[in-house]
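*Asks:* Can you read through this structure? Questions will come right after.
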Amino acid sequence: MILKVNDVSKHFRGVKAVNGASFHVEEGEIVGVIGPNGAGKTTLFNLISGSLPVTSGTIEFNGENITNQKAYLLCQKGIGRTYQVVKPFGGISVLENVMVGAFNRHNSREKAVENSLKVLKRVGLYEKRNQIGNSLTLADKKRLEVAKALATEPKLLLLDEVMAGLNPTEVKEILPLITELRASGITIVIIEHLMEVVMTTCDRIVVVHHGVKIAEGTPKEISNNPEVIKAYLGEEVSYA
Ligand SMILES: Nc1ncnc2c1ncn2[C@@H]1O[C@H](COP(=O)(O)OP(=O)(O)OP(=O)(O)O)[C@@H](O)[C@H]1O
Ligand SMILES: [Mg+2]
């Protein structure tokens with residue numbers, strides 16, 4: 001088991017953004033986290049990646065209790081993440097953006113460049129490596145988010161809505177990247193609103209609502225779960 005979230009809560013004053021959530025991720029899995037807006041999905045990622053301290057509960061990574069450890073340490077241990085709101089370092093090149101991630105693991109500039117170029121080839125941004133971050137389309141900024149995270153050489157990659165805002169063609173283009181990442185040995189947790197993506201890509205799905213996990217199971221189990229349909233999918237939607 002690569003990740004174990006045990007009864008974790010995060011309260012912002014009165015707001016119980018995450019409220020006693022427990023779930024786990026096995027090595028090599030793609031696990032989807034779904035739920036309505038404000039359900040606490042991004043907050044969960046912030047807790048796992050060390051961007052925010054938990055209010056209570058514990059988080060284990062590869063059997064080690066990593067609760068409330070510093071983000072840069074967790075990154076070194078192998079937890080990578082993307083941000084829902086893309087934020088490239090706008091004024092520097094695509095390559096330099098990725099190098100910021102690579103420097104997490106390599107001190108030498110040469111090695112950082114070499115690895116970053118490899119990552120850029122992998123995500124399909126190699127040709128745009130010298131463009132300024134801000135000049136990219138949204139779809140390419142999302143790829144750059146993935147590239148920055150990949151350059152840190154994660155074992156566990158947390159993807160927060162990397163397909164939101166993309167058109168169907170762009171979604172189709174980025175999907176193979178996700179399955180390729182898993183094939184290369186990276187475990188993936190993906191927050192995604194696009195049900196077709198979640199249902200076809202994930203091995204298991206965790207459903208959160210008001211900070212609480214309301215269901216967990218295979219895509220088929222989730223799409224047939226009455227509570228999930230009521231809270232999230234809507235009565236008319238069925239993926240059985
Ligand atoms: N730093 C913060 N300070 C105060 N409240 C916060 C903070 N971060 C999140 N919240 C609140 O916690 C709740 C959960 O937010 P979160 O961003 O985790 O939801 P989400 O499931 O990612 O939603 P979305 O699908 O819209 O991205 C919301 O009510 C949000 O306003
Ligand atoms: Mg979010």
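A note on labels: chains of the structure tokens are A, B, ... as shown, every chain counts residues from 1, and ligands are counted from 1 in their shown order.
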From a DSSP calculation on the backbone, collect every residue of chain A in strand (DSSP E) and output the set as a ChimeraX atom specification.
*Replies:* /A:3-12,15-25,30-34,56-61,64-65,79-81,156-160,187-191,204-209,212-217
*Asks:* Which residues come within 10 Å of A:Phe103, counting only C-alpha atoms, excluding same-chain residues fewer than 3 positions away, as a VMD selection string?
*Replies:* chain A and resid 98 to 100 106 to 109 111 to 113 115 to 116 151 to 152
*Asks:* Kindly export the residues of the current selection with all heavy atoms, as a short mmCIF file (atom, residue, chain, number, x, y, z; two decimals), in the first residue's frame.
*Replies:*
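result_21.cif written:
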```cif
data_model
loop_
_atom_site.label_atom_id
_atom_site.label_comp_id
_atom_site.auth_asym_id
_atom_site.auth_seq_id
_atom_site.Cartn_x
_atom_site.Cartn_y
_atom_site.Cartn_z
N VAL A 98 10.18 23.45 -15.98
CA VAL A 98 10.33 22.04 -15.63
C VAL A 98 11.59 21.83 -14.79
O VAL A 98 11.62 21.01 -13.87
CB VAL A 98 10.32 21.16 -16.90
CG1 VAL A 98 10.47 19.69 -16.54
CG2 VAL A 98 9.03 21.38 -17.68
N MET A 99 12.61 22.64 -15.09
CA MET A 99 13.86 22.52 -14.33
C MET A 99 13.66 22.83 -12.84
O MET A 99 14.35 22.27 -11.99
CB MET A 99 14.93 23.45 -14.92
CG MET A 99 15.52 22.90 -16.21
SD MET A 99 16.55 24.11 -17.05
CE MET A 99 17.86 24.34 -15.85
N VAL A 100 12.71 23.70 -12.55
CA VAL A 100 12.41 24.01 -11.14
C VAL A 100 12.04 22.72 -10.41
O VAL A 100 12.48 22.47 -9.28
CB VAL A 100 11.27 25.06 -11.02
CG1 VAL A 100 10.87 25.25 -9.56
CG2 VAL A 100 11.68 26.37 -11.66
N HIS A 106 18.06 17.05 -8.34
CA HIS A 106 19.41 17.14 -8.89
C HIS A 106 19.99 18.52 -8.63
O HIS A 106 19.34 19.53 -8.88
CB HIS A 106 19.39 16.87 -10.39
CG HIS A 106 18.78 15.55 -10.74
ND1 HIS A 106 19.43 14.36 -10.57
CD2 HIS A 106 17.54 15.23 -11.21
CE1 HIS A 106 18.63 13.37 -10.93
NE2 HIS A 106 17.48 13.88 -11.31
N ASN A 107 21.23 18.55 -8.15
CA ASN A 107 21.87 19.84 -7.91
C ASN A 107 22.52 20.40 -9.17
O ASN A 107 22.63 21.60 -9.32
CB ASN A 107 22.92 19.71 -6.81
CG ASN A 107 22.26 19.48 -5.46
OD1 ASN A 107 21.19 20.04 -5.21
ND2 ASN A 107 22.87 18.67 -4.62
N SER A 108 22.93 19.50 -10.06
CA SER A 108 23.66 20.00 -11.23
C SER A 108 22.70 20.50 -12.29
O SER A 108 21.67 19.87 -12.58
CB SER A 108 24.57 18.90 -11.79
OG SER A 108 24.10 18.41 -13.01
N ARG A 109 23.06 21.64 -12.88
CA ARG A 109 22.23 22.25 -13.91
C ARG A 109 22.14 21.33 -15.13
O ARG A 109 21.08 21.16 -15.72
CB ARG A 109 22.81 23.61 -14.29
CG ARG A 109 21.95 24.38 -15.25
CD ARG A 109 22.52 25.72 -15.65
NE ARG A 109 21.85 26.14 -16.88
CZ ARG A 109 20.70 26.79 -16.90
NH1 ARG A 109 20.11 27.13 -15.78
NH2 ARG A 109 20.14 27.11 -18.06
N LYS A 111 22.35 18.08 -15.32
CA LYS A 111 21.47 16.94 -15.08
C LYS A 111 19.99 17.40 -15.09
O LYS A 111 19.12 16.70 -15.60
CB LYS A 111 21.82 16.31 -13.72
CG LYS A 111 21.13 15.02 -13.44
CD LYS A 111 21.73 13.86 -14.21
CE LYS A 111 20.91 12.61 -14.00
NZ LYS A 111 20.98 11.66 -15.10
N ALA A 112 19.76 18.59 -14.52
CA ALA A 112 18.39 19.12 -14.49
C ALA A 112 17.89 19.38 -15.91
O ALA A 112 16.73 19.08 -16.25
CB ALA A 112 18.34 20.40 -13.66
N VAL A 113 18.75 19.92 -16.75
CA VAL A 113 18.37 20.18 -18.15
C VAL A 113 18.08 18.85 -18.85
O VAL A 113 17.04 18.68 -19.50
CB VAL A 113 19.48 20.95 -18.91
CG1 VAL A 113 19.18 21.00 -20.41
CG2 VAL A 113 19.63 22.35 -18.35
N ASN A 115 17.27 15.89 -17.67
CA ASN A 115 16.04 15.22 -17.23
C ASN A 115 14.80 15.99 -17.66
O ASN A 115 13.78 15.39 -18.01
CB ASN A 115 16.05 15.04 -15.72
CG ASN A 115 16.98 13.93 -15.32
OD1 ASN A 115 17.82 13.50 -16.11
ND2 ASN A 115 16.85 13.45 -14.09
N SER A 116 14.88 17.31 -17.63
CA SER A 116 13.72 18.12 -18.00
C SER A 116 13.39 17.94 -19.48
O SER A 116 12.21 17.89 -19.85
CB SER A 116 13.98 19.60 -17.70
OG SER A 116 14.21 19.77 -16.32
N ALA A 151 9.02 16.00 -13.25
CA ALA A 151 10.45 16.29 -13.14
C ALA A 151 10.95 16.06 -11.71
O ALA A 151 12.14 15.89 -11.49
CB ALA A 151 10.73 17.72 -13.58
N THR A 152 10.05 16.03 -10.75
CA THR A 152 10.45 15.74 -9.37
C THR A 152 10.59 14.23 -9.15
O THR A 152 10.92 13.80 -8.05
CB THR A 152 9.45 16.33 -8.34
OG1 THR A 152 8.21 15.61 -8.42
CG2 THR A 152 9.19 17.81 -8.57
#
```
*Asks:* Using 7 Å as the limit and counting only C-alpha atoms and all ligand atoms, can you tabulate each residue of chain A that touches ligand 1, with its shortest atom-to-atom distance in Å and the two atoms involved, as a tab-separated table?
*Replies:*
```
residue	atom	partner	partner_atom_place_in_ligand_line	distance
A:Phe12	CA	ligand 1	4 (C)	5.0
A:Val15	CA	ligand 1	12 (O)	6.2
A:Lys16	CA	ligand 1	12 (O)	6.8
A:Ala17	CA	ligand 1	12 (O)	4.0
A:Gly35	CA	ligand 1	21 (O)	6.3
A:Pro36	CA	ligand 1	25 (O)	5.8
A:Asn37	CA	ligand 1	25 (O)	3.5
A:Gly38	CA	ligand 1	19 (O)	3.4
A:Ala39	CA	ligand 1	21 (O)	3.7
A:Gly40	CA	ligand 1	18 (O)	3.2
A:Lys41	CA	ligand 1	21 (O)	3.7
A:Thr42	CA	ligand 1	22 (O)	3.7
A:Thr43	CA	ligand 1	18 (O)	3.7
A:Leu44	CA	ligand 1	18 (O)	6.5
```
*Asks:* Out of A:Val25, A:Leu177, A:Leu159, A:Val94, which residue has the shortest atom-to-atom distance to A:Glu127 when counting only C-alpha atoms?
*Replies:*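 Using only C-alpha atoms, the shortest distance to A:Glu127 belongs to A:Val94.
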*Asks:* Give me, as a CSV table (one decimal) with N, CA and C atoms, in the first residue's frame, all polymer residues having an atom no more than 7 Å from A:Thr55, counting only C-alpha atoms and skipping those fewer than 4 positions away in the same chain.
*Replies:*
```csv
chain,number,residue,atom,x,y,z
A,9,SER,N,-9.1,14.9,8.9
A,9,SER,CA,-9.9,16.1,8.9
A,9,SER,C,-9.1,17.3,8.6
A,10,LYS,N,-9.7,18.3,7.9
A,10,LYS,CA,-9.2,19.6,7.8
A,10,LYS,C,-10.3,20.6,8.0
A,11,HIS,N,-10.3,21.4,9.0
A,11,HIS,CA,-11.3,22.4,9.3
A,11,HIS,C,-10.7,23.7,9.1
```
*Asks:* Could you list, as a PDB file with N, CA, C and O atoms, in the first residue's frame, every residue within 9 Å of stretch 139-145 of chain A, counting only C-alpha atoms and ignoring same-chain residues fewer than 6 positions away?
*Replies:*
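Dumped everything to part03.pdb:
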```pdb
ATOM      1  N   ARG A  81       2.634  16.462  -7.295  1.00  0.00           N
ATOM      2  CA  ARG A  81       1.249  16.916  -7.495  1.00  0.00           C
ATOM      3  C   ARG A  81       1.190  18.027  -8.527  1.00  0.00           C
ATOM      4  O   ARG A  81       2.151  18.747  -8.756  1.00  0.00           O
ATOM      5  N   THR A  82       0.016  18.128  -9.155  1.00  0.00           N
ATOM      6  CA  THR A  82      -0.233  19.275 -10.029  1.00  0.00           C
ATOM      7  C   THR A  82      -1.253  20.166  -9.328  1.00  0.00           C
ATOM      8  O   THR A  82      -1.908  19.750  -8.370  1.00  0.00           O
ATOM      9  N   TYR A  83      -1.397  21.371  -9.826  1.00  0.00           N
ATOM     10  CA  TYR A  83      -2.338  22.321  -9.240  1.00  0.00           C
ATOM     11  C   TYR A  83      -3.535  22.515 -10.165  1.00  0.00           C
ATOM     12  O   TYR A  83      -3.391  22.617 -11.376  1.00  0.00           O
ATOM     13  N   GLN A  84      -4.707  22.563  -9.545  1.00  0.00           N
ATOM     14  CA  GLN A  84      -5.957  22.732 -10.294  1.00  0.00           C
ATOM     15  C   GLN A  84      -5.917  24.025 -11.098  1.00  0.00           C
ATOM     16  O   GLN A  84      -6.290  24.060 -12.265  1.00  0.00           O
ATOM     17  N   VAL A  86      -3.761  26.310 -12.975  1.00  0.00           N
ATOM     18  CA  VAL A  86      -2.405  26.220 -13.521  1.00  0.00           C
ATOM     19  C   VAL A  86      -1.638  27.488 -13.196  1.00  0.00           C
ATOM     20  O   VAL A  86      -2.152  28.593 -13.328  1.00  0.00           O
ATOM     21  N   LYS A  87      -0.436  27.318 -12.723  1.00  0.00           N
ATOM     22  CA  LYS A  87       0.356  28.505 -12.432  1.00  0.00           C
ATOM     23  C   LYS A  87       1.799  28.306 -12.880  1.00  0.00           C
ATOM     24  O   LYS A  87       2.678  28.065 -12.056  1.00  0.00           O
ATOM     25  N   PRO A  88       2.015  28.378 -14.206  1.00  0.00           N
ATOM     26  CA  PRO A  88       3.399  28.300 -14.656  1.00  0.00           C
ATOM     27  C   PRO A  88       4.130  29.548 -14.192  1.00  0.00           C
ATOM     28  O   PRO A  88       3.511  30.576 -13.943  1.00  0.00           O
ATOM     29  N   VAL A  94       9.440  27.281 -20.901  1.00  0.00           N
ATOM     30  CA  VAL A  94       8.838  25.993 -20.559  1.00  0.00           C
ATOM     31  C   VAL A  94       9.905  25.076 -19.953  1.00  0.00           C
ATOM     32  O   VAL A  94       9.687  24.460 -18.909  1.00  0.00           O
ATOM     33  N   ASN A  97      10.741  26.138 -16.466  1.00  0.00           N
ATOM     34  CA  ASN A  97       9.669  25.756 -15.552  1.00  0.00           C
ATOM     35  C   ASN A  97       9.869  24.334 -15.052  1.00  0.00           C
ATOM     36  O   ASN A  97       9.728  24.049 -13.866  1.00  0.00           O
ATOM     37  N   VAL A  98      10.184  23.446 -15.985  1.00  0.00           N
ATOM     38  CA  VAL A  98      10.329  22.037 -15.632  1.00  0.00           C
ATOM     39  C   VAL A  98      11.591  21.832 -14.790  1.00  0.00           C
ATOM     40  O   VAL A  98      11.620  21.013 -13.872  1.00  0.00           O
ATOM     41  N   LEU A 120       9.905  16.684 -21.027  1.00  0.00           N
ATOM     42  CA  LEU A 120       9.175  17.474 -22.027  1.00  0.00           C
ATOM     43  C   LEU A 120       8.829  16.626 -23.253  1.00  0.00           C
ATOM     44  O   LEU A 120       7.752  16.777 -23.832  1.00  0.00           O
ATOM     45  N   VAL A 123       5.786  14.421 -22.268  1.00  0.00           N
ATOM     46  CA  VAL A 123       4.463  15.050 -22.188  1.00  0.00           C
ATOM     47  C   VAL A 123       4.089  15.766 -23.486  1.00  0.00           C
ATOM     48  O   VAL A 123       3.015  16.360 -23.583  1.00  0.00           O
ATOM     49  N   GLY A 124       4.979  15.726 -24.481  1.00  0.00           N
ATOM     50  CA  GLY A 124       4.649  16.332 -25.774  1.00  0.00           C
ATOM     51  C   GLY A 124       4.862  17.834 -25.826  1.00  0.00           C
ATOM     52  O   GLY A 124       4.197  18.534 -26.591  1.00  0.00           O
ATOM     53  N   LEU A 125       5.777  18.363 -25.023  1.00  0.00           N
ATOM     54  CA  LEU A 125       6.039  19.814 -25.039  1.00  0.00           C
ATOM     55  C   LEU A 125       7.464  20.141 -25.498  1.00  0.00           C
ATOM     56  O   LEU A 125       7.884  21.294 -25.419  1.00  0.00           O
ATOM     57  N   GLY A 133       6.403  30.462 -20.521  1.00  0.00           N
ATOM     58  CA  GLY A 133       5.295  29.741 -19.884  1.00  0.00           C
ATOM     59  C   GLY A 133       3.928  30.349 -20.165  1.00  0.00           C
ATOM     60  O   GLY A 133       2.976  29.648 -20.513  1.00  0.00           O
ATOM     61  N   GLU A 161      -7.514  17.769 -11.559  1.00  0.00           N
ATOM     62  CA  GLU A 161      -8.277  18.285 -12.703  1.00  0.00           C
ATOM     63  C   GLU A 161      -7.388  18.726 -13.864  1.00  0.00           C
ATOM     64  O   GLU A 161      -7.507  19.850 -14.349  1.00  0.00           O
ATOM     65  N   VAL A 162      -6.520  17.834 -14.299  1.00  0.00           N
ATOM     66  CA  VAL A 162      -5.635  18.201 -15.418  1.00  0.00           C
ATOM     67  C   VAL A 162      -6.395  18.292 -16.745  1.00  0.00           C
ATOM     68  O   VAL A 162      -5.836  18.757 -17.733  1.00  0.00           O
ATOM     69  N   MET A 163      -7.645  17.850 -16.743  1.00  0.00           N
ATOM     70  CA  MET A 163      -8.378  17.930 -18.018  1.00  0.00           C
ATOM     71  C   MET A 163      -9.475  18.975 -18.014  1.00  0.00           C
ATOM     72  O   MET A 163     -10.135  19.204 -19.036  1.00  0.00           O
ATOM     73  N   ALA A 164      -9.685  19.634 -16.868  1.00  0.00           N
ATOM     74  CA  ALA A 164     -10.753  20.636 -16.790  1.00  0.00           C
ATOM     75  C   ALA A 164     -10.457  21.783 -17.749  1.00  0.00           C
ATOM     76  O   ALA A 164      -9.337  22.273 -17.823  1.00  0.00           O
ATOM     77  N   GLY A 165     -11.459  22.194 -18.479  1.00  0.00           N
ATOM     78  CA  GLY A 165     -11.302  23.327 -19.389  1.00  0.00           C
ATOM     79  C   GLY A 165     -10.774  22.948 -20.755  1.00  0.00           C
ATOM     80  O   GLY A 165     -10.679  23.794 -21.638  1.00  0.00           O
ATOM     81  N   LEU A 166     -10.420  21.673 -20.948  1.00  0.00           N
ATOM     82  CA  LEU A 166      -9.925  21.256 -22.252  1.00  0.00           C
ATOM     83  C   LEU A 166     -11.095  20.813 -23.133  1.00  0.00           C
ATOM     84  O   LEU A 166     -12.106  20.322 -22.639  1.00  0.00           O
ATOM     85  N   ASN A 167     -10.940  20.979 -24.429  1.00  0.00           N
ATOM     86  CA  ASN A 167     -11.998  20.500 -25.326  1.00  0.00           C
ATOM     87  C   ASN A 167     -11.836  18.988 -25.530  1.00  0.00           C
ATOM     88  O   ASN A 167     -10.804  18.423 -25.181  1.00  0.00           O
ATOM     89  N   GLU A 170      -8.625  17.758 -26.998  1.00  0.00           N
ATOM     90  CA  GLU A 170      -7.470  17.911 -26.102  1.00  0.00           C
ATOM     91  C   GLU A 170      -7.496  16.856 -25.001  1.00  0.00           C
ATOM     92  O   GLU A 170      -6.449  16.347 -24.594  1.00  0.00           O
ATOM     93  N   VAL A 171      -8.692  16.537 -24.517  1.00  0.00           N
ATOM     94  CA  VAL A 171      -8.825  15.493 -23.491  1.00  0.00           C
ATOM     95  C   VAL A 171      -8.339  14.167 -24.057  1.00  0.00           C
ATOM     96  O   VAL A 171      -7.547  13.459 -23.431  1.00  0.00           O
ATOM     97  N   ILE A 174      -4.577  13.982 -24.145  1.00  0.00           N
ATOM     98  CA  ILE A 174      -3.806  13.915 -22.890  1.00  0.00           C
ATOM     99  C   ILE A 174      -4.017  12.565 -22.173  1.00  0.00           C
ATOM    100  O   ILE A 174      -3.174  12.136 -21.386  1.00  0.00           O
TER     101      ILE A 174
END
```
*Asks:* As an NGL selection string, please: every residue in stretch 30-154 of chain A that DSSP puts in helix (DSSP H, G or I).
*Replies:* :A and (41-48 or 71-77 or 94-102 or 109-123 or 126-128 or 133-135 or 138-150)
*Asks:* So, counting only C-alpha atoms and all ligand atoms, which residue among A:Cys75, A:Asp160, A:Gly217, A:Asn62 is closest to ligand 2?
*Replies:*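 Of the candidates, the smallest distance to ligand 2 is held by A:Asp160.
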*Asks:* Which polymer residues have any atom within 10 Å of an atom of A:Ala183, counting only C-alpha atoms, with same-chain residues fewer than 5 positions away left out, as number ranges by chain?
*Replies:* A: 28-29, 177-178
*Asks:* Calculate how many Å separate atom CA of A:Thr200 from atom CA of A:Glu227, rounding to one decimal.
*Replies:* 20.7 Å
*Asks:* Tell me, as a VMD selection string, which residues lie within 10 Å of A:Tyr72, counting only C-alpha atoms; anything in the same chain fewer than 5 positions away does not count.
*Replies:* chain A and resid 49 to 51 77 to 80 104
*Asks:* Just to be explicit: take each residue in the selection above, keep C-alpha atoms, and write the result as a short mmCIF file (atom, residue, chain, number, x, y, z; two decimals), in the first residue's frame.
*Replies:*
```cif
data_model
loop_
_atom_site.label_atom_id
_atom_site.label_comp_id
_atom_site.auth_asym_id
_atom_site.auth_seq_id
_atom_site.Cartn_x
_atom_site.Cartn_y
_atom_site.Cartn_z
CA SER A 49 1.33 16.72 -0.33
CA GLY A 50 2.09 18.72 2.81
CA SER A 51 0.78 22.04 1.50
CA LYS A 77 10.11 11.13 -0.73
CA GLY A 78 8.19 10.75 -3.98
CA ILE A 79 4.89 12.59 -3.74
CA GLY A 80 4.30 14.79 -6.78
CA ASN A 104 14.27 19.08 -6.33
#
```
*Asks:* Provide the atom CA of A:Arg129 to atom CA of A:Ser93 distance in Å, to one decimal place.
*Replies:*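 Between atom CA of A:Arg129 and atom CA of A:Ser93 the gap works out to 6.6 Å.
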*Asks:* Applying 12 Å and only C-alpha atoms, which residues near A:Gly185 remain after dropping the ones on its own chain fewer than 6 positions away? List them as a ChimeraX atom specification.
*Replies:* /A:26-30,153-157,178-179
*Asks:* Hey, which of A:Glu221, A:Glu180, A:Glu216, A:Glu192 ends up closest to ligand 2? Count only C-alpha atoms and all ligand atoms.
*Replies:*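 Once distances to ligand 2 are computed over only C-alpha atoms and all ligand atoms, the minimum belongs to A:Glu192.
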